[in-house]
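Single-structure report; data block below.
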Amino acid sequence: MYWGLKDTALGLLLIVLTTAVHTMGVVMIAFAGSGLKDRVSTWKLGLHKGVLFVMVAIGSCGLLLALLHGIEYAIWAAAYYWVGALDSPSKAMLYSIDAMTTRGASGLFLEHDWRMLGALEAADGMILFGISTAFLFTVMQVLWPLLTTWRR
């Protein structure tokens, strides 16, 4: 009978690790953005330049979050390769991206003793993408008042 204790334990450890990495990254992005917001709030950009600024700010946040997710995919992929759940780093990375995004169409399968890891990575992906989505929404809420002042 398969109980999945070692892969469950490793998966939970990876969830804790990647959530900590993600949280630290989001906090660093937020601190950088907070300092920038304080400086640009005094600018008189007008609506067109203000919209462009907001687009660049949100796009930059999105890019930084995507890089953060890439680090997290790589952490999971390294674990898959390290424990022998997949036989090459490239397969491990493809499987990891596929699992974290809950796409599940790579055609790759983990070794039997490690199959719980894929499900746990999908759960982790939902958590991490939820944090990213909430953060981007907060960034938009912070920037919206600037647009209304630049419109005048």
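By convention in this document, the chains of the structure tokens carry letters A, B, ... by their order, each chain's residues are numbered from 1, and ligands are numbered from 1 in the order they are shown.
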
Determine which residues of segment 55-134 of chain A receive a DSSP assignment of helix (DSSP H, G or I), computed from the backbone, and state them as a ChimeraX atom specification.
/A:55-83,89-100,112-114,116-134

Quick one: residues within 12 Å of Tyr95 of chain A, only C-alpha atoms, excluding same-chain residues fewer than 2 positions away - as a VMD selection string?
chain A and resid 73 to 74 76 to 81 85 to 93 97 to 110 115 117 to 119 121 to 122

Take the residues just selected and output them with C-alpha atoms as a compact mmCIF listing (two decimals), in the first residue's frame.
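Dumped everything to part-v3.txt:
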```txt
# COMPACT_ATOMS: atom_id res chain seq x y z
CA TYR A 73 9.87 26.34 -10.24
CA ALA A 74 13.60 25.74 -10.14
CA TRP A 76 10.85 22.20 -7.07
CA ALA A 77 12.68 20.98 -10.18
CA ALA A 78 15.91 20.60 -8.23
CA ALA A 79 14.04 18.53 -5.64
CA TYR A 80 12.53 16.28 -8.35
CA TYR A 81 15.93 15.67 -9.88
CA ALA A 85 11.65 11.44 -9.33
CA LEU A 86 12.67 12.58 -12.84
CA ASP A 87 15.84 11.65 -14.70
CA SER A 88 17.00 14.99 -16.14
CA PRO A 89 17.06 18.64 -15.06
CA SER A 90 15.19 19.74 -18.19
CA LYS A 91 12.39 17.23 -17.61
CA ALA A 92 12.26 18.24 -13.95
CA MET A 93 11.91 21.93 -14.89
CA ILE A 97 6.32 24.51 -14.42
CA ASP A 98 3.49 22.30 -15.60
CA ALA A 99 2.58 21.20 -12.08
CA MET A 100 2.83 24.65 -10.48
CA THR A 101 0.60 26.22 -13.08
CA THR A 102 -1.81 23.27 -12.68
CA ARG A 103 -1.68 22.78 -16.46
CA GLY A 104 -0.70 19.12 -16.24
CA ALA A 105 -0.16 18.47 -19.93
CA SER A 106 3.60 17.84 -20.19
CA GLY A 107 3.19 14.08 -20.56
CA LEU A 108 5.83 13.54 -17.87
CA PHE A 109 5.19 11.39 -14.82
CA LEU A 110 7.01 11.18 -11.52
CA ARG A 115 3.98 11.14 -7.20
CA LEU A 117 4.99 15.84 -4.95
CA GLY A 118 3.21 16.85 -8.16
CA ALA A 119 -0.12 17.34 -6.41
CA GLU A 121 3.33 21.51 -6.09
CA ALA A 122 0.00 22.27 -7.77
```

Which is closer to Ile29 of chain A than all the others in A:Leu147, A:Val16, A:Cys61, A:Leu5, using only C-alpha atoms?
A:Cys61

If you take only C-alpha atoms and a cut-off of 10 Å, which residues of segment 11-109 of chain A touch segment 142-145 of chain A, and what are their nearest atom pairs and distances in Å to one decimal, in chain and number order, as JSON lines?
```
{"residue": "A:Ser34", "atom": "CA", "partner": "A:Val142", "partner_atom": "CA", "distance": 9.4}
{"residue": "A:Lys37", "atom": "CA", "partner": "A:Leu143", "partner_atom": "CA", "distance": 7.9}
{"residue": "A:Ser41", "atom": "CA", "partner": "A:Leu143", "partner_atom": "CA", "distance": 9.3}
{"residue": "A:Gly50", "atom": "CA", "partner": "A:Leu143", "partner_atom": "CA", "distance": 9.6}
{"residue": "A:Val51", "atom": "CA", "partner": "A:Trp144", "partner_atom": "CA", "distance": 9.6}
{"residue": "A:Phe53", "atom": "CA", "partner": "A:Leu143", "partner_atom": "CA", "distance": 9.5}
{"residue": "A:Val54", "atom": "CA", "partner": "A:Leu143", "partner_atom": "CA", "distance": 6.8}
{"residue": "A:Ala57", "atom": "CA", "partner": "A:Leu143", "partner_atom": "CA", "distance": 8.9}
{"residue": "A:Ile58", "atom": "CA", "partner": "A:Leu143", "partner_atom": "CA", "distance": 9.2}
```

Write the residues you've just listed into a file as a PDB file, in the first residue's frame, and include C-alpha atoms for each of them.
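New file part.pdb:
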```
ATOM      1  CA  SER A  34       6.672  52.263  -1.883  1.00  0.00           C
ATOM      2  CA  LYS A  37       5.324  55.946  -5.139  1.00  0.00           C
ATOM      3  CA  SER A  41       3.150  61.349  -6.088  1.00  0.00           C
ATOM      4  CA  GLY A  50       0.367  58.887 -15.790  1.00  0.00           C
ATOM      5  CA  VAL A  51      -1.295  55.951 -17.534  1.00  0.00           C
ATOM      6  CA  PHE A  53       3.748  55.225 -15.757  1.00  0.00           C
ATOM      7  CA  VAL A  54       1.101  52.930 -14.221  1.00  0.00           C
ATOM      8  CA  ALA A  57       4.903  49.980 -12.917  1.00  0.00           C
ATOM      9  CA  ILE A  58       2.397  47.121 -13.117  1.00  0.00           C
TER      10      ILE A  58
END
```

Quick check, in Å to one decimal: how far apart do atom CA of Trp150 of chain A and atom CA of Gly46 of chain A lie?
4.7 Å

For a quick check of understanding, using only C-alpha atoms, which of A:Leu45, A:Ala32, A:Leu65, A:Leu14 has the smallest distance to Ile131 of chain A?
A:Leu65

Compare A:Phe31, A:Phe129, A:Trp43, A:Trp114 by their minimum atom-to-atom distance to Thr18 of chain A, counting only C-alpha atoms, and give me the closest one.
A:Phe129

From the set A:Ile75, A:Leu94, A:Leu146, A:Leu68, which residue has the shortest atom-to-atom contact distance to Val27 of chain A, counting only C-alpha atoms?
A:Leu68
